[in-house]
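*Asks:* Below are the structure tokens for one structure; questions will follow.
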Amino acid sequence: MNPDDFFEVLAAELDRYADVPTDVLAEIMTRDGACMWLYANDSEPKWTGDDLTDRELAARICAGCPVRRECLELEFRTAGEFSLGVWGALCEDDRRAVYPIWLARRANSPERDGGRSS
């Protein structure tokens, strides 16, 4: 699958969260996110001190995280294309590639407001 197809598929996967209130997504991500577990438990990752790219960091922290899509949906709603770091297992460049596709899908769904109201 080429990257453009991957970004299209990923944006389509996020459609299932369009009607989920933002505060619910935040609660799910905070409760179940792998990165939040590390933060809440004051755990130092085993790779601390390694020189990792955002993609490598995302692959390590987000591997197996049960709420990657919810995390990405939340980040798109709250920060849009201007977010930094790793969210939803994607680095900044990858998120910036998915965001306009996600935004266009929401704009083409008149019955939805992208979940921004809540």
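Ordering of the structure tokens sets the chain letters (A, B, ...); residue numbers start at 1 within each chain; ligands are numbered from 1 in the order shown.
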Skip Ala59 of chain A itself and residues of its chain fewer than 2 positions away, then list as a PyMOL selection string all residues within 12 Å of it, counting only C-alpha atoms.
*Replies:* chain A and resi 34-35+52-57+61-65+68+86-91
*Asks:* Go through A:Asp4, A:Asp32, A:Asp23, A:Glu13 and flag the residue nearest Arg77 of chain A, using only C-alpha atoms for the distances.
*Replies:*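 With only C-alpha atoms as the atom set, the closest residue is A:Asp23.
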*Asks:* Nearest residue to Thr30 of chain A out of A:Glu81, A:Glu92, A:Glu70, A:Met1, using only C-alpha atoms?
*Replies:*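 Among A:Glu81, A:Glu92, A:Glu70, A:Met1, it is A:Glu70 that comes nearest to Thr30 of chain A.
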*Asks:* Using Å and a single decimal, report how far atom CA of Arg105 of chain A sits from atom CA of Cys71 of chain A.
*Replies:*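 Atom CA of Arg105 of chain A lies 17.9 Å from atom CA of Cys71 of chain A.
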*Asks:* Report the residues of chain A whose backbone DSSP state falls under alpha helix (DSSP H), written as JSON, numbers by chain.
*Replies:* {"A": [3, 4, 5, 6, 7, 8, 9, 10, 11, 12, 13, 22, 23, 24, 25, 26, 27, 28, 29, 30, 31, 32, 34, 35, 36, 37, 38, 39, 40, 54, 55, 56, 57, 58, 59, 60, 61, 62, 68, 69, 70, 71, 72, 73, 74, 75, 76, 77, 78, 92, 93, 94, 95, 96, 97, 98, 99, 100, 101, 102, 103, 104, 105, 106, 107]}
*Asks:* For a quick check of understanding, using only C-alpha atoms, which of A:Glu8, A:Thr22, A:Asn2, A:Glu73 has the smallest distance to Ala97 of chain A?
*Replies:*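 Selected residue with least distance to Ala97 of chain A: A:Glu8.
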*Asks:* Find the distance between atom CA of Trp102 of chain A and atom CA of Pro21 of chain A and write it in Å to one decimal.
*Replies:* 16.7 Å
*Asks:* Can you work out the spacing between atom CA of Ile28 of chain A and atom CA of Arg69 of chain A in Å, to one decimal?
*Replies:*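 Separation between atom CA of Ile28 of chain A and atom CA of Arg69 of chain A: 10.9 Å.
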*Asks:* So, counting only C-alpha atoms, which residue among A:Asp15, A:Glu75, A:Ala40, A:Gly33 is closest to Ser109 of chain A?
*Replies:* A:Asp15
